[in-house]
>>> print(open('structure-v2.txt').read())   # compact mmCIF, C-alpha atoms and all ligand atoms
# COMPACT_ATOMS: atom_id res chain seq x y z
CA MET A 81 0.00 0.00 0.00
CA SER A 82 1.11 3.55 -0.52
CA VAL A 83 1.94 6.08 2.14
CA ALA A 84 -0.63 8.49 0.73
CA LYS A 85 -3.35 5.95 1.33
CA ALA A 86 -2.21 5.36 4.89
CA GLU A 87 -2.26 9.09 5.52
CA GLN A 88 -5.80 9.46 4.24
CA LYS A 89 -7.22 7.19 6.90
CA PRO A 90 -9.45 8.87 9.50
CA ALA A 91 -7.52 11.55 11.29
CA LEU A 92 -6.84 9.85 14.59
CA PRO A 93 -3.62 9.99 16.57
CA LEU A 94 -1.31 7.04 15.98
CA PRO A 95 -0.58 4.59 18.78
CA TRP A 96 2.91 6.01 19.40
CA HIS A 97 1.46 9.51 19.82
CA ALA A 98 -0.79 8.49 22.72
CA SER A 99 1.01 10.29 25.52
CA LEU A 100 1.45 13.50 23.52
CA TRP A 101 -2.22 13.34 22.58
CA GLN A 102 -3.11 13.01 26.24
CA GLN A 103 -1.14 16.16 27.06
CA TRP A 104 -2.77 18.14 24.28
CA HIS A 105 -6.17 17.00 25.42
CA GLN A 106 -5.43 18.19 28.94
CA GLN A 107 -4.36 21.57 27.55
CA TYR A 108 -7.56 21.71 25.52
CA GLN A 109 -9.75 20.90 28.50
CA ALA A 110 -8.00 23.55 30.59
CA ASP A 111 -8.46 26.00 27.70
CA ARG A 112 -4.69 26.33 27.49
CA LEU A 113 -4.03 25.24 23.91
CA PRO A 114 -1.52 27.70 22.45
CA HIS A 115 -2.07 29.63 19.19
CA ALA A 116 0.78 27.87 17.46
CA LEU A 117 2.30 24.43 17.78
CA LEU A 118 5.52 23.40 16.10
CA LEU A 119 5.76 19.68 15.52
CA SER A 120 9.23 18.58 14.55
CA GLY A 121 11.08 15.33 14.11
CA GLU A 122 12.53 13.13 11.39
CA ALA A 123 10.44 12.39 8.33
CA GLY A 124 8.27 9.30 8.62
CA LEU A 125 7.06 9.61 12.21
CA GLY A 126 3.50 10.59 11.30
CA LYS A 127 3.74 14.25 12.30
CA ARG A 128 1.22 15.37 9.70
CA THR A 129 -1.20 12.63 10.68
CA LEU A 130 -0.92 13.83 14.26
CA ALA A 131 -1.46 17.46 13.24
CA ARG A 132 -4.48 16.48 11.16
CA ALA A 133 -5.84 14.46 14.07
CA LEU A 134 -5.69 17.51 16.32
CA ALA A 135 -7.34 19.65 13.63
CA HIS A 136 -10.05 17.04 13.18
CA PHE A 137 -10.68 16.91 16.92
CA LEU A 138 -10.94 20.71 17.19
CA LEU A 139 -13.24 21.03 14.18
CA CYS A 140 -15.59 18.24 15.29
CA GLU A 141 -18.80 19.67 16.71
CA GLN A 142 -19.51 16.79 19.09
CA PRO A 143 -16.21 15.24 20.14
CA GLN A 144 -16.53 11.98 22.04
CA GLY A 145 -14.02 12.07 24.86
CA GLN A 146 -10.62 12.53 23.23
CA HIS A 147 -11.79 11.77 19.69
CA PRO A 148 -13.88 13.32 16.94
CA CYS A 149 -17.35 11.83 16.53
CA GLY A 150 -16.95 11.05 12.83
CA HIS A 151 -20.50 11.97 11.79
CA CYS A 152 -21.29 15.60 12.71
CA ALA A 153 -21.35 18.31 10.02
CA GLY A 154 -17.77 19.31 10.90
CA CYS A 155 -16.47 15.75 10.59
CA GLN A 156 -18.31 15.27 7.29
CA LEU A 157 -16.94 18.50 5.84
CA LEU A 158 -13.42 17.46 6.82
CA GLU A 159 -13.94 14.04 5.29
CA SER A 160 -14.96 15.64 2.02
CA GLY A 161 -11.95 17.96 2.16
CA PHE A 162 -14.01 21.17 2.13
CA HIS A 163 -14.21 22.34 5.74
CA PRO A 164 -14.22 26.17 5.52
CA ASP A 165 -12.21 26.60 8.75
CA TRP A 166 -9.46 24.15 7.82
CA TYR A 167 -6.50 25.60 5.97
CA ASN A 168 -3.83 23.39 4.53
CA LEU A 169 -0.88 25.44 3.37
CA GLN A 170 1.87 23.76 1.35
CA PRO A 171 4.27 24.89 -1.36
CA GLU A 172 2.84 24.74 -4.86
CA ALA A 173 5.29 22.00 -5.71
CA GLU A 174 7.73 19.87 -3.73
CA GLY A 175 10.95 21.73 -3.04
CA LYS A 176 9.35 25.13 -3.73
CA ALA A 177 8.97 27.87 -1.12
CA ILE A 178 5.83 28.97 0.68
CA ARG A 179 5.64 32.59 -0.39
CA ILE A 180 4.46 35.77 1.28
CA ASP A 181 1.38 36.06 -0.97
CA ALA A 182 0.11 32.78 0.41
CA ILE A 183 0.55 34.00 3.99
CA ARG A 184 -1.12 37.35 3.23
CA ASP A 185 -4.03 35.60 1.62
CA LEU A 186 -4.32 33.24 4.57
CA THR A 187 -4.20 36.09 7.10
CA GLN A 188 -6.94 37.90 5.28
CA ARG A 189 -9.17 34.86 5.25
CA LEU A 190 -8.48 34.17 8.92
CA GLN A 191 -9.61 37.65 9.88
CA GLN A 192 -13.14 36.70 8.93
CA SER A 193 -14.79 34.85 11.80
CA ALA A 194 -14.93 31.09 11.73
CA GLN A 195 -17.53 29.96 9.22
CA LYS A 196 -18.73 27.22 11.52
CA GLY A 197 -18.40 29.28 14.69
CA GLY A 198 -15.71 27.18 16.30
CA TYR A 199 -11.96 26.78 15.78
CA LYS A 200 -9.97 27.75 12.72
CA VAL A 201 -7.01 25.46 12.13
CA VAL A 202 -4.06 26.03 9.82
CA LEU A 203 -1.60 23.29 8.86
CA LEU A 204 1.68 24.56 7.47
CA TRP A 205 3.88 21.89 5.96
CA PRO A 206 6.81 21.74 5.50
CA ALA A 207 7.25 24.80 7.69
CA GLU A 208 10.90 25.15 6.65
CA ALA A 209 9.61 25.92 3.14
CA LEU A 210 8.48 29.36 4.34
CA ASN A 211 10.80 31.87 2.75
CA LEU A 212 12.08 34.73 4.87
CA HIS A 213 9.38 37.21 3.86
CA ALA A 214 6.64 34.65 4.37
CA ALA A 215 8.08 33.71 7.78
CA ASN A 216 8.12 37.38 8.81
CA ALA A 217 4.54 37.88 7.68
CA LEU A 218 3.50 34.78 9.60
CA LEU A 219 5.36 36.04 12.65
CA LYS A 220 3.23 39.19 12.63
CA THR A 221 0.08 37.10 12.48
CA LEU A 222 1.29 35.01 15.41
CA GLU A 223 2.13 38.10 17.42
CA GLU A 224 -1.47 39.26 17.22
CA PRO A 225 -3.31 35.97 17.32
CA GLU A 226 -6.94 35.71 16.30
CA PRO A 227 -9.08 34.02 18.95
CA SER A 228 -9.75 30.29 18.54
CA THR A 229 -7.18 29.95 15.80
CA LEU A 230 -4.53 27.28 15.89
CA PHE A 231 -1.45 27.16 13.68
CA LEU A 232 0.14 23.76 13.29
CA LEU A 233 3.65 24.04 11.88
CA VAL A 234 5.14 20.72 10.86
CA SER A 235 8.83 20.47 10.10
CA ASP A 236 11.52 17.85 9.52
CA GLN A 237 14.18 20.54 9.85
CA PRO A 238 13.08 23.05 12.51
CA SER A 239 16.58 24.55 12.68
CA ARG A 240 15.89 26.08 9.26
CA LEU A 241 13.02 28.14 10.71
CA PRO A 242 13.84 31.64 11.97
CA ALA A 243 14.40 31.53 15.73
CA THR A 244 11.84 34.31 16.18
CA LEU A 245 9.18 32.14 14.56
CA ARG A 246 10.17 29.06 16.58
CA SER A 247 9.94 31.06 19.78
CA ARG A 248 6.32 31.97 19.01
CA CYS A 249 5.32 28.30 18.88
CA GLN A 250 4.96 25.69 21.53
CA HIS A 251 7.55 23.24 20.26
CA TRP A 252 7.08 19.46 20.38
CA ALA A 253 10.06 17.51 19.10
CA LEU A 254 9.08 13.95 18.26
CA SER A 255 11.68 11.25 18.64
CA ILE A 256 11.85 7.72 17.23
CA PRO A 257 9.22 5.71 19.10
CA PRO A 258 10.05 2.29 20.58
CA SER A 259 9.25 -0.50 18.13
CA ALA A 260 6.81 -2.04 20.61
CA GLU A 261 4.57 0.96 19.89
CA THR A 262 4.97 0.99 16.12
CA LEU A 263 5.39 -2.64 15.05
CA PRO A 264 1.77 -3.75 15.65
CA TRP A 265 0.54 -0.78 13.60
CA LEU A 266 3.03 -1.42 10.79
CA THR A 267 2.16 -5.11 10.72
CA CYS A 268 -1.50 -4.17 10.17
CA GLN A 269 -0.54 -2.06 7.13
CA LEU A 270 1.36 -4.88 5.43
CA SER A 271 0.39 -8.12 3.77
CA ALA A 272 1.35 -11.39 5.42
CA ASP A 273 4.38 -12.01 3.18
CA GLN A 274 6.04 -8.71 4.05
CA GLN A 275 8.48 -8.34 6.90
CA PRO A 276 7.54 -5.49 9.23
CA GLU A 277 10.50 -5.92 11.57
CA GLN A 278 13.07 -5.83 8.77
CA LEU A 279 11.40 -2.80 7.17
CA LEU A 280 11.06 -0.89 10.41
CA ARG A 281 14.71 -1.51 11.16
CA ALA A 282 15.73 -0.45 7.66
CA ALA A 283 13.77 2.78 8.16
CA GLY A 284 15.56 3.52 11.41
CA GLY A 285 12.40 2.91 13.43
CA ARG A 286 10.26 5.43 11.51
CA PRO A 287 6.99 3.70 10.68
CA PHE A 288 5.85 5.81 7.69
CA ALA A 289 9.36 5.71 6.27
CA ALA A 290 9.13 1.90 6.55
CA LEU A 291 5.97 1.93 4.41
CA LYS A 292 7.65 4.19 1.91
CA LEU A 293 10.42 1.66 1.39
CA LEU A 294 7.83 -0.62 -0.16
CA GLU A 295 6.79 1.80 -2.87
CA SER A 296 7.90 0.16 -6.08
CA GLY A 297 9.76 3.22 -7.39
CA VAL A 298 11.81 3.55 -4.21
CA GLU A 299 12.68 -0.15 -4.20
CA GLN A 300 13.85 0.02 -7.83
CA GLN A 301 15.98 3.05 -7.03
CA ARG A 302 17.56 1.24 -4.12
CA VAL A 303 18.41 -1.81 -6.25
CA GLU A 304 19.86 0.43 -8.97
CA LEU A 305 21.97 2.45 -6.53
CA VAL A 306 23.31 -0.76 -4.99
CA ARG A 307 24.24 -2.01 -8.48
CA LEU A 308 26.06 1.22 -9.35
CA MET A 309 27.87 1.37 -6.03
CA GLU A 310 29.00 -2.24 -6.40
CA GLN A 311 30.37 -1.43 -9.85
CA LEU A 312 32.15 1.60 -8.49
CA THR A 313 33.71 -0.40 -5.69
CA CYS A 314 34.75 -3.13 -8.16
CA GLY A 315 36.75 -0.60 -10.20
CA ALA A 316 34.36 0.47 -12.99
CA ASP A 317 35.25 3.74 -14.70
CA PRO A 318 33.61 6.26 -12.36
CA LEU A 319 32.81 8.73 -15.13
CA GLU A 320 30.74 6.09 -16.91
CA LEU A 321 28.55 5.78 -13.84
CA ILE A 322 27.50 9.41 -13.88
CA ALA A 323 24.82 9.04 -16.56
CA PRO A 324 22.96 6.22 -14.75
CA LEU A 325 23.41 7.96 -11.38
CA LYS A 326 21.87 11.07 -12.88
CA LYS A 327 18.61 9.18 -13.37
CA LEU A 328 18.20 8.75 -9.61
CA PRO A 329 16.68 11.53 -7.47
CA LEU A 330 19.64 13.43 -6.10
CA ALA A 331 18.34 14.37 -2.64
CA TRP A 332 17.23 10.79 -2.04
CA MET A 333 20.60 9.45 -3.22
CA ILE A 334 22.62 11.66 -0.89
CA THR A 335 20.57 10.75 2.17
CA THR A 336 20.60 7.08 1.20
CA LEU A 337 24.38 6.99 0.76
CA GLN A 338 24.85 8.73 4.09
CA ASN A 339 22.63 6.12 5.73
CA TRP A 340 24.53 3.31 4.05
CA CYS A 341 27.88 4.68 5.23
CA ALA A 342 26.52 4.94 8.77
CA ASP A 343 25.15 1.41 8.56
CA THR A 344 28.46 0.01 7.23
CA LEU A 345 30.22 1.70 10.14
CA ARG A 346 27.81 -0.05 12.50
CA LEU A 347 28.65 -3.36 10.82
CA MET A 348 32.39 -2.73 11.13
CA MET A 349 32.35 -1.55 14.71
CA ALA A 350 29.55 -3.55 16.30
CA GLY A 351 28.89 -6.49 13.97
CA GLU A 352 25.93 -7.72 11.91
CA ALA A 353 23.42 -7.41 14.72
CA ALA A 354 23.91 -3.64 14.77
CA VAL A 355 23.00 -3.11 11.08
CA TYR A 356 19.70 -1.26 10.44
CA ASP A 357 19.01 -2.18 6.83
CA THR A 358 19.76 -5.89 6.67
CA ARG A 359 18.76 -5.97 2.97
CA GLN A 360 21.95 -4.06 2.31
CA GLN A 361 24.32 -6.46 4.02
CA PRO A 362 26.20 -7.63 0.84
CA LEU A 363 27.12 -4.07 -0.18
CA TYR A 364 28.05 -3.18 3.39
CA GLN A 365 30.33 -6.20 3.51
CA GLN A 366 31.96 -5.14 0.26
CA TRP A 367 32.53 -1.64 1.61
CA ALA A 368 33.81 -3.02 4.90
CA ASP A 369 36.38 -5.06 2.94
CA CYS A 370 37.45 -2.09 0.80
CA PHE A 371 37.38 0.82 3.20
CA SER A 372 38.71 1.50 6.65
CA VAL A 373 36.56 3.10 9.34
CA HIS A 374 38.59 6.25 8.90
CA GLN A 375 37.94 6.30 5.14
CA LEU A 376 34.21 5.77 5.54
CA LEU A 377 34.03 8.59 8.05
CA ALA A 378 35.88 10.79 5.57
CA ILE A 379 33.46 9.79 2.78
CA GLN A 380 30.53 10.62 5.03
CA GLN A 381 32.01 13.98 5.86
CA GLU A 382 32.68 14.74 2.24
CA LEU A 383 29.11 13.80 1.30
CA GLU A 384 27.89 16.25 3.87
CA GLN A 385 30.13 19.02 2.60
CA ARG A 386 29.12 18.37 -0.99
CA GLN A 387 25.46 18.37 0.03
CA ARG A 388 25.90 21.79 1.64
CA HIS A 389 27.75 23.06 -1.41
CA LEU A 390 24.88 21.85 -3.58
CA LEU A 391 22.51 24.23 -1.80
CA THR A 392 24.45 27.25 -3.01
CA HIS A 393 25.79 25.75 -6.25
CA PRO A 394 23.06 23.51 -7.63
CA ASN A 395 25.14 21.75 -10.27
CA GLU A 396 24.10 18.10 -10.30
CA GLU A 397 26.71 16.94 -12.80
CA LEU A 398 29.52 18.43 -10.74
CA PHE A 399 28.12 16.92 -7.58
CA LEU A 400 28.01 13.42 -9.10
CA GLU A 401 31.54 13.74 -10.44
CA GLY A 402 32.68 14.72 -6.98
CA LEU A 403 30.77 11.82 -5.48
CA VAL A 404 32.28 9.07 -7.64
CA ILE A 405 35.73 10.58 -7.29
CA THR A 406 35.36 10.62 -3.50
CA PHE A 407 34.70 6.87 -3.50
CA GLN A 408 37.40 6.12 -6.04
CA ARG A 409 39.99 8.13 -4.18
CA ALA A 410 39.21 6.23 -1.00
CA LEU A 411 39.53 2.93 -2.88
CA HIS A 412 43.02 3.71 -4.12
CA ASP A 413 44.19 5.30 -0.93
CA GLU A 414 45.60 2.13 0.60
ZN ZN A 501 -17.71 15.28 14.69
>>> encode(input="structure-v2.txt", output="structure tokens")
Amino acid sequence: MSVAKAEQKPALPLPWHASLWQQWHQQYQADRLPHALLLSGEAGLGKRTLARALAHFLLCEQPQGQHPCGHCAGCQLLESGFHPDWYNLQPEAEGKAIRIDAIRDLTQRLQQSAQKGGYKVVLLWPAEALNLHAANALLKTLEEPEPSTLFLLVSDQPSRLPATLRSRCQHWALSIPPSAETLPWLTCQLSADQQPEQLLRAAGGRPFAALKLLESGVEQQRVELVRLMEQLTCGADPLELIAPLKKLPLAWMITTLQNWCADTLRLMMAGEAAVYDTRQQPLYQQWADCFSVHQLLAIQQELEQRQRHLLTHPNEELFLEGLVITFQRALHDE
């Protein structure tokens, strides 16, 4: 199944969010919910699902205990995607910024009273996509909050948000939940022949990231990157690998290679039992035979530097050349 489908399920908190949910509910009952919440943590923890669950709860007209009723007018409007007091602000396309016009437009609409007479809830995701002007405009809105309005900022990289904006939000940093809380849920999302434990481990304990690994495109990319990396390690001409590498999504490739280096280091220093992505064991073994710990650490560092450089100098070709040369240099540096 796809991640999108999992995320469209009724907006209820996930099992591993139970204690956070409890705290929010207490704040709600005491009428102490803040005007802005910042939910941060690695991708794949279900932050948006959690934010949507809170929105759904607040927009339900007859909540039952800690949960929305599922059948009032508010719940039905949310289900259909047309609730007039629910604002879902995202960049126009992935990787694009959230611009000031969008924030101005939102602020204007929020100044009208709630259409349904209750809460108005805004989900901003990914919050780090706000450009500086948009963040400043939002800051103004947060400094003079409208009553019964809640901003939910969701971010994988909260450090990229202006500190002034962060300080206006109640910040909840989500960490990797224990597998006892996620594994039963993940198992329910999978068919009987799939291996939830292996996937969850490969995803570093992040349940939605584990589901994403199953998407056919991602799995093909992984197999292809393994093939190219094996060729590189076996002495293929690095420049010939650039064209096929170019067909893979760059941001995904960089993160994946960083994870693989980290996982190989775990293998080298703590043995097979410490490896996260056990599907990758053959490549890790190959790298462990070819590289020293010191070399892998240097590769990791160089990947990080090149990734930073890419932000200011977005030249993919140059990045890939640098990447293959980094590996080749380490190979010949006996
Ligand atoms: Zn309801």
>>> closest_atom_pairs(input="structure-v2.txt", of="chain A", to="ligand ZN 501 (chain A)", cutoff="10 Å", atoms="only C-alpha atoms and all ligand atoms", output="tab-separated table")
residue	atom	partner	partner_atom	distance
A:His136	CA	A:ZN501	ZN	8.0
A:Phe137	CA	A:ZN501	ZN	7.6
A:Leu138	CA	A:ZN501	ZN	9.0
A:Leu139	CA	A:ZN501	ZN	7.3
A:Cys140	CA	A:ZN501	ZN	3.7
A:Glu141	CA	A:ZN501	ZN	5.0
A:Gln142	CA	A:ZN501	ZN	5.0
A:Pro143	CA	A:ZN501	ZN	5.7
A:Gln144	CA	A:ZN501	ZN	8.1
A:His147	CA	A:ZN501	ZN	8.5
A:Pro148	CA	A:ZN501	ZN	4.9
A:Cys149	CA	A:ZN501	ZN	3.9
A:Gly150	CA	A:ZN501	ZN	4.7
A:His151	CA	A:ZN501	ZN	5.2
A:Cys152	CA	A:ZN501	ZN	4.1
A:Ala153	CA	A:ZN501	ZN	6.7
A:Gly154	CA	A:ZN501	ZN	5.5
A:Cys155	CA	A:ZN501	ZN	4.3
A:Gln156	CA	A:ZN501	ZN	7.4
A:Leu157	CA	A:ZN501	ZN	9.4
A:Leu158	CA	A:ZN501	ZN	9.2
>>> closest_residue(input="structure-v2.txt", among="A:Ser160, A:Thr344, A:Ser193, A:Ser228", to="Tyr108 (chain A)", atoms="all atoms listed in the file")
A:Ser228
>>> residues_around(input="structure-v2.txt", residues="Glu384 (chain A)", least_positions_apart="6", cutoff="10 Å", atoms="all atoms listed in the file", output="mmCIF file with C-alpha atoms, in the coordinates of the input")
data_model
loop_
_atom_site.group_PDB
_atom_site.id
_atom_site.type_symbol
_atom_site.label_atom_id
_atom_site.label_comp_id
_atom_site.auth_asym_id
_atom_site.auth_seq_id
_atom_site.Cartn_x
_atom_site.Cartn_y
_atom_site.Cartn_z
ATOM 1 C CA ILE A 334 22.620 11.660 -0.890
ATOM 2 C CA THR A 335 20.570 10.750 2.170
ATOM 3 C CA GLN A 338 24.850 8.730 4.090
ATOM 4 C CA ALA A 378 35.880 10.790 5.570
ATOM 5 C CA LEU A 390 24.880 21.850 -3.580
#
>>> closest_residue(input="structure-v2.txt", among="A:His105, A:His389, A:His412, A:Arg112", to="Leu312 (chain A)", atoms="all atoms listed in the file")
A:His412
>>> atom_distance(input="structure-v2.txt", atom1="CA of Ile178 (chain A)", atom2="CA of Thr392 (chain A)")
19.1 Å
>>> residues_around(input="structure-v2.txt", residues="Leu233 (chain A)", least_positions_apart="4", cutoff="6 Å", atoms="all atoms listed in the file", output="PDB file with C-alpha atoms, in the frame of the given file")
ATOM      1  CA  LEU A 118       5.520  23.400  16.100  1.00  0.00           C
ATOM      2  CA  LEU A 204       1.680  24.560   7.470  1.00  0.00           C
ATOM      3  CA  ALA A 207       7.250  24.800   7.690  1.00  0.00           C
TER       4      ALA A 207
END
>>> closest_residue(input="structure-v2.txt", among="A:Leu219, A:Leu230, A:Leu266, A:Trp332", to="Thr244 (chain A)", atoms="all atoms listed in the file")
A:Leu219
>>> closest_residue(input="structure-v2.txt", among="A:Leu403, A:Leu169, A:Ala350, A:Ala214", to="Asp181 (chain A)", atoms="all atoms listed in the file")
A:Ala214
>>> atom_distance(input="structure-v2.txt", atom1="CA of Leu308 (chain A)", atom2="CA of Asn339 (chain A)")
16.2 Å
>>> closest_residue(input="structure-v2.txt", among="A:Glu382, A:Glu208, A:Glu172, A:Asp343", to="Gly284 (chain A)", atoms="only C-alpha atoms")
A:Asp343
>>> closest_residue(input="structure-v2.txt", among="A:His393, A:Ile322, A:Ala282, A:Thr187", to="Trp340 (chain A)", atoms="all atoms listed in the file")
A:Ala282
>>> atom_distance(input="structure-v2.txt", atom1="CA of Leu186 (chain A)", atom2="CA of His163 (chain A)")
14.8 Å
>>> residues_around(input="structure-v2.txt", residues="Leu218 (chain A)", least_positions_apart="4", cutoff="9 Å", atoms="all atoms listed in the file", output="PyMOL selection string")
chain A and resi 180+183-184+187+213-214+222-223+245
>>> residues_around(input="structure-v2.txt", residues="Leu294 (chain A)", least_positions_apart="2", cutoff="10 Å", atoms="all atoms listed in the file", output="PyMOL selection string")
chain A and resi 81-83+270+274+279+289-292+296-300
>>> residues_around(input="structure-v2.txt", residues="Gln250 (chain A)", least_positions_apart="3", cutoff="10 Å", atoms="all atoms listed in the file", output="list in words")
Leu113, Pro114, His115, Ala116, Leu117, Leu118, Leu119, Leu232, Leu233, Arg246, Ser247 and Ala253 of chain A
>>> build_atoms(input="structure-v2.txt", residues="region 396-404 of chain A", atoms="all heavy atoms", output="PDB file, in the coordinates of the input")
ATOM      1  N   GLU A 396      24.221  19.541 -10.573  1.00  0.00           N
ATOM      2  CA  GLU A 396      24.100  18.100 -10.300  1.00  0.00           C
ATOM      3  C   GLU A 396      25.259  17.301 -10.883  1.00  0.00           C
ATOM      4  O   GLU A 396      25.813  16.414 -10.250  1.00  0.00           O
ATOM      5  CB  GLU A 396      22.767  17.602 -10.885  1.00  0.00           C
ATOM      6  CG  GLU A 396      22.454  16.186 -10.477  1.00  0.00           C
ATOM      7  CD  GLU A 396      21.049  15.773 -10.918  1.00  0.00           C
ATOM      8  OE1 GLU A 396      20.234  16.671 -11.228  1.00  0.00           O
ATOM      9  OE2 GLU A 396      20.792  14.582 -10.961  1.00  0.00           O
ATOM     10  N   GLU A 397      25.629  17.648 -12.104  1.00  0.00           N
ATOM     11  CA  GLU A 397      26.710  16.940 -12.800  1.00  0.00           C
ATOM     12  C   GLU A 397      28.010  17.004 -11.975  1.00  0.00           C
ATOM     13  O   GLU A 397      28.668  16.004 -11.730  1.00  0.00           O
ATOM     14  CB  GLU A 397      26.917  17.613 -14.166  1.00  0.00           C
ATOM     15  CG  GLU A 397      27.905  16.903 -15.047  1.00  0.00           C
ATOM     16  CD  GLU A 397      27.199  16.070 -16.113  1.00  0.00           C
ATOM     17  OE1 GLU A 397      26.027  16.363 -16.399  1.00  0.00           O
ATOM     18  OE2 GLU A 397      27.823  15.127 -16.619  1.00  0.00           O
ATOM     19  N   LEU A 398      28.298  18.211 -11.514  1.00  0.00           N
ATOM     20  CA  LEU A 398      29.520  18.430 -10.740  1.00  0.00           C
ATOM     21  C   LEU A 398      29.464  17.657  -9.422  1.00  0.00           C
ATOM     22  O   LEU A 398      30.446  17.070  -8.974  1.00  0.00           O
ATOM     23  CB  LEU A 398      29.646  19.935 -10.458  1.00  0.00           C
ATOM     24  CG  LEU A 398      31.059  20.443 -10.213  1.00  0.00           C
ATOM     25  CD1 LEU A 398      31.881  20.302 -11.483  1.00  0.00           C
ATOM     26  CD2 LEU A 398      31.014  21.927  -9.799  1.00  0.00           C
ATOM     27  N   PHE A 399      28.286  17.644  -8.835  1.00  0.00           N
ATOM     28  CA  PHE A 399      28.120  16.920  -7.580  1.00  0.00           C
ATOM     29  C   PHE A 399      28.409  15.434  -7.793  1.00  0.00           C
ATOM     30  O   PHE A 399      29.139  14.808  -7.026  1.00  0.00           O
ATOM     31  CB  PHE A 399      26.699  17.094  -7.016  1.00  0.00           C
ATOM     32  CG  PHE A 399      26.466  16.252  -5.786  1.00  0.00           C
ATOM     33  CD1 PHE A 399      26.838  16.725  -4.542  1.00  0.00           C
ATOM     34  CD2 PHE A 399      25.922  14.979  -5.888  1.00  0.00           C
ATOM     35  CE1 PHE A 399      26.657  15.942  -3.409  1.00  0.00           C
ATOM     36  CE2 PHE A 399      25.746  14.180  -4.757  1.00  0.00           C
ATOM     37  CZ  PHE A 399      26.113  14.680  -3.520  1.00  0.00           C
ATOM     38  N   LEU A 400      27.840  14.859  -8.860  1.00  0.00           N
ATOM     39  CA  LEU A 400      28.010  13.420  -9.100  1.00  0.00           C
ATOM     40  C   LEU A 400      29.459  13.084  -9.417  1.00  0.00           C
ATOM     41  O   LEU A 400      29.987  12.060  -8.959  1.00  0.00           O
ATOM     42  CB  LEU A 400      27.081  12.972 -10.237  1.00  0.00           C
ATOM     43  CG  LEU A 400      25.597  13.017  -9.882  1.00  0.00           C
ATOM     44  CD1 LEU A 400      24.737  12.694 -11.091  1.00  0.00           C
ATOM     45  CD2 LEU A 400      25.272  12.071  -8.740  1.00  0.00           C
ATOM     46  N   GLU A 401      30.110  13.950 -10.173  1.00  0.00           N
ATOM     47  CA  GLU A 401      31.540  13.740 -10.440  1.00  0.00           C
ATOM     48  C   GLU A 401      32.304  13.694  -9.129  1.00  0.00           C
ATOM     49  O   GLU A 401      33.113  12.802  -8.889  1.00  0.00           O
ATOM     50  CB  GLU A 401      32.091  14.869 -11.317  1.00  0.00           C
ATOM     51  CG  GLU A 401      31.964  14.610 -12.788  1.00  0.00           C
ATOM     52  CD  GLU A 401      32.401  15.826 -13.608  1.00  0.00           C
ATOM     53  OE1 GLU A 401      33.337  16.529 -13.187  1.00  0.00           O
ATOM     54  OE2 GLU A 401      31.783  16.047 -14.668  1.00  0.00           O
ATOM     55  N   GLY A 402      32.015  14.662  -8.278  1.00  0.00           N
ATOM     56  CA  GLY A 402      32.680  14.720  -6.980  1.00  0.00           C
ATOM     57  C   GLY A 402      32.412  13.471  -6.168  1.00  0.00           C
ATOM     58  O   GLY A 402      33.309  12.910  -5.528  1.00  0.00           O
ATOM     59  N   LEU A 403      31.172  12.997  -6.250  1.00  0.00           N
ATOM     60  CA  LEU A 403      30.770  11.820  -5.480  1.00  0.00           C
ATOM     61  C   LEU A 403      31.560  10.571  -5.895  1.00  0.00           C
ATOM     62  O   LEU A 403      32.157   9.885  -5.064  1.00  0.00           O
ATOM     63  CB  LEU A 403      29.267  11.587  -5.692  1.00  0.00           C
ATOM     64  CG  LEU A 403      28.704  10.311  -5.107  1.00  0.00           C
ATOM     65  CD1 LEU A 403      28.485  10.492  -3.618  1.00  0.00           C
ATOM     66  CD2 LEU A 403      27.386   9.940  -5.773  1.00  0.00           C
ATOM     67  N   VAL A 404      31.589  10.289  -7.204  1.00  0.00           N
ATOM     68  CA  VAL A 404      32.280   9.070  -7.640  1.00  0.00           C
ATOM     69  C   VAL A 404      33.785   9.182  -7.381  1.00  0.00           C
ATOM     70  O   VAL A 404      34.442   8.198  -7.022  1.00  0.00           O
ATOM     71  CB  VAL A 404      31.990   8.722  -9.119  1.00  0.00           C
ATOM     72  CG1 VAL A 404      30.550   8.273  -9.290  1.00  0.00           C
ATOM     73  CG2 VAL A 404      32.311   9.855 -10.057  1.00  0.00           C
TER      74      VAL A 404
END
